[in-house]
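Structure file target29.txt (compact mmCIF, C-alpha atoms) is printed below.
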```
# COMPACT_ATOMS: atom_id res chain seq x y z
CA MET A 263 0.00 0.00 0.00
CA ASN A 264 1.36 3.37 -0.97
CA VAL A 265 -1.80 5.53 -1.15
CA GLY A 266 -2.81 7.34 2.04
CA THR A 267 -6.28 8.15 3.34
CA LEU A 268 -6.56 11.71 2.00
CA ASP A 269 -5.00 10.70 -1.33
CA ARG A 270 -7.43 7.78 -1.54
CA ALA A 271 -10.47 9.99 -0.88
CA LEU A 272 -9.39 12.54 -3.50
CA ARG A 273 -8.74 9.80 -6.07
CA PHE A 274 -12.14 8.27 -5.39
CA ALA A 275 -14.00 11.60 -5.70
CA LEU A 276 -12.18 12.68 -8.86
CA GLY A 277 -12.53 9.20 -10.36
CA LEU A 278 -16.30 9.30 -9.84
CA VAL A 279 -16.55 12.73 -11.47
CA LEU A 280 -14.47 11.67 -14.48
CA VAL A 281 -16.50 8.49 -15.03
CA ALA A 282 -19.79 10.33 -14.54
CA ALA A 283 -18.73 13.08 -16.97
CA VAL A 284 -19.54 10.81 -19.91
CA PHE A 285 -22.69 9.11 -18.63
CA VAL A 286 -24.61 11.67 -16.55
CA PRO A 287 -26.57 13.99 -18.88
CA PRO A 288 -25.72 17.37 -17.26
CA LEU A 289 -22.01 16.54 -17.22
CA ALA A 290 -22.08 14.78 -20.60
CA GLY A 291 -23.16 18.02 -22.24
CA MET A 292 -19.92 19.67 -21.13
CA VAL A 293 -17.72 16.99 -22.74
CA ALA A 294 -19.94 16.22 -25.75
CA GLY A 295 -17.65 17.99 -28.23
CA TRP A 296 -14.45 16.34 -26.99
CA GLY A 297 -14.70 13.34 -29.32
CA SER A 298 -12.61 10.37 -28.22
CA TRP A 299 -11.08 12.35 -25.36
CA LYS A 300 -14.23 11.88 -23.32
CA TYR A 301 -13.55 8.12 -23.31
CA ALA A 302 -9.98 8.77 -22.23
CA LEU A 303 -11.46 10.68 -19.26
CA THR A 304 -13.50 7.59 -18.41
CA VAL A 305 -10.40 5.37 -18.49
CA VAL A 306 -8.47 7.79 -16.28
CA GLY A 307 -11.44 7.86 -13.89
CA LEU A 308 -11.54 4.06 -13.74
CA VAL A 309 -7.80 3.91 -13.04
CA MET A 310 -8.22 6.44 -10.23
CA LEU A 311 -11.09 4.41 -8.75
CA GLY A 312 -8.97 1.26 -8.97
CA THR A 313 -5.97 2.82 -7.28
CA ALA A 314 -8.26 4.16 -4.55
CA ALA A 315 -9.87 0.75 -4.04
CA PHE A 316 -6.59 -1.18 -3.85
CA ARG A 317 -4.62 1.61 -2.12
CA PHE A 318 -1.78 0.99 -4.56
CA CYS A 319 -0.47 3.25 -7.33
CA PRO A 320 2.13 1.77 -9.70
CA ALA A 321 3.30 5.27 -10.70
CA TYR A 322 4.01 6.06 -7.04
CA THR A 323 6.17 2.95 -6.84
CA LEU A 324 8.20 4.03 -9.88
CA LEU A 325 8.63 7.55 -8.50
CA GLY A 326 9.33 6.45 -4.92
CA ILE A 327 6.30 8.28 -3.51
CA ARG A 328 4.33 7.05 -0.51
CA THR A 329 1.41 9.00 0.97
CA CYS A 330 0.46 6.51 3.68
CA PRO A 331 2.27 5.90 6.95
CA VAL A 332 4.84 3.12 7.07
CA GLU A 333 3.47 -0.10 8.55
CA ARG A 334 5.30 -1.66 11.47
CA ARG A 335 5.56 -5.46 11.46
```
Go through the file and emit its structure as structure tokens.
Amino acid sequence: MNVGTLDRALRFALGLVLVAAVFVPPLAGMVAGWGSWKYALTVVGLVMLGTAAFRFCPAYTLLGIRTCPVERR
């Protein structure tokens, strides 16, 4: 686990907004003219939801970032 509580909450909230931007009518109107980019937003939103659910971000591992406290074993 390398995603902390605040990071996880922000990822979850932003992920929901990005996924909803294509499917919820009021938000879909804002991204209607974006063509294929609106589907890229959905994919990014799904990735953010996944990293929030599993509390693991592969990019953080590559960059050496950790936003959660170190576990003691």
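A straight line drawn from atom CA of A:Met310 to atom CA of A:Asp269 is 10.4 Å long.
Coordinates place atom CA of A:Ala283 at a distance of 8.0 Å from atom CA of A:Leu303.
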Residue neighbourhood A:Leu280, 12 Å, all atoms listed in the file, exclusion window fewer than 5 positions, as a list in words: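 My list of contacting residues is Arg273, Phe274, Ala275, Phe285, Val286, Leu289, Ala290, Met292, Val293, Trp299, Lys300, Tyr301, Ala302, Leu303, Thr304, Val305, Val306, Gly307, Leu308, Val309, Met310 and Leu311 of chain A.
Atom CA of A:Ala315 to atom CA of A:Pro288 spans 26.5 Å [interatomic distance, one decimal].
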Axis-aligned box for all listed atoms of stretch 280-284 of chain A, 6 Å per side, centre and edges in Å to one decimal, as JSON:
```
{"center_x": -17.1, "center_y": 10.8, "center_z": -17.2, "size_x": 17.3, "size_y": 16.6, "size_z": 17.4}
```
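Ranking A:Leu272, A:Pro287, A:Gly277, A:Cys330 by their shortest atom-to-atom distance to A:Phe318, with all atoms listed in the file included, puts A:Cys330 first.
If you measure from each of A:Thr323, A:Thr267, A:Ser298, A:Thr329 to A:Val284 using all atoms listed in the file, the closest one turns out to be A:Ser298.
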Could you pull stretch 266-292 of chain A out of the structure I just pasted and write it to a file containing C-alpha atoms, as a short mmCIF file (atom, residue, chain, number, x, y, z; two decimals), in the first residue's frame?
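Result file selection_26.cif:
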```cif
data_model
loop_
_atom_site.label_atom_id
_atom_site.label_comp_id
_atom_site.auth_asym_id
_atom_site.auth_seq_id
_atom_site.Cartn_x
_atom_site.Cartn_y
_atom_site.Cartn_z
CA GLY A 266 -2.81 7.34 2.04
CA THR A 267 -6.28 8.15 3.34
CA LEU A 268 -6.56 11.71 2.00
CA ASP A 269 -5.00 10.70 -1.33
CA ARG A 270 -7.43 7.78 -1.54
CA ALA A 271 -10.47 9.99 -0.88
CA LEU A 272 -9.39 12.54 -3.50
CA ARG A 273 -8.74 9.80 -6.07
CA PHE A 274 -12.14 8.27 -5.39
CA ALA A 275 -14.00 11.60 -5.70
CA LEU A 276 -12.18 12.68 -8.86
CA GLY A 277 -12.53 9.20 -10.36
CA LEU A 278 -16.30 9.30 -9.84
CA VAL A 279 -16.55 12.73 -11.47
CA LEU A 280 -14.47 11.67 -14.48
CA VAL A 281 -16.50 8.49 -15.03
CA ALA A 282 -19.79 10.33 -14.54
CA ALA A 283 -18.73 13.08 -16.97
CA VAL A 284 -19.54 10.81 -19.91
CA PHE A 285 -22.69 9.11 -18.63
CA VAL A 286 -24.61 11.67 -16.55
CA PRO A 287 -26.57 13.99 -18.88
CA PRO A 288 -25.72 17.37 -17.26
CA LEU A 289 -22.01 16.54 -17.22
CA ALA A 290 -22.08 14.78 -20.60
CA GLY A 291 -23.16 18.02 -22.24
CA MET A 292 -19.92 19.67 -21.13
#
```
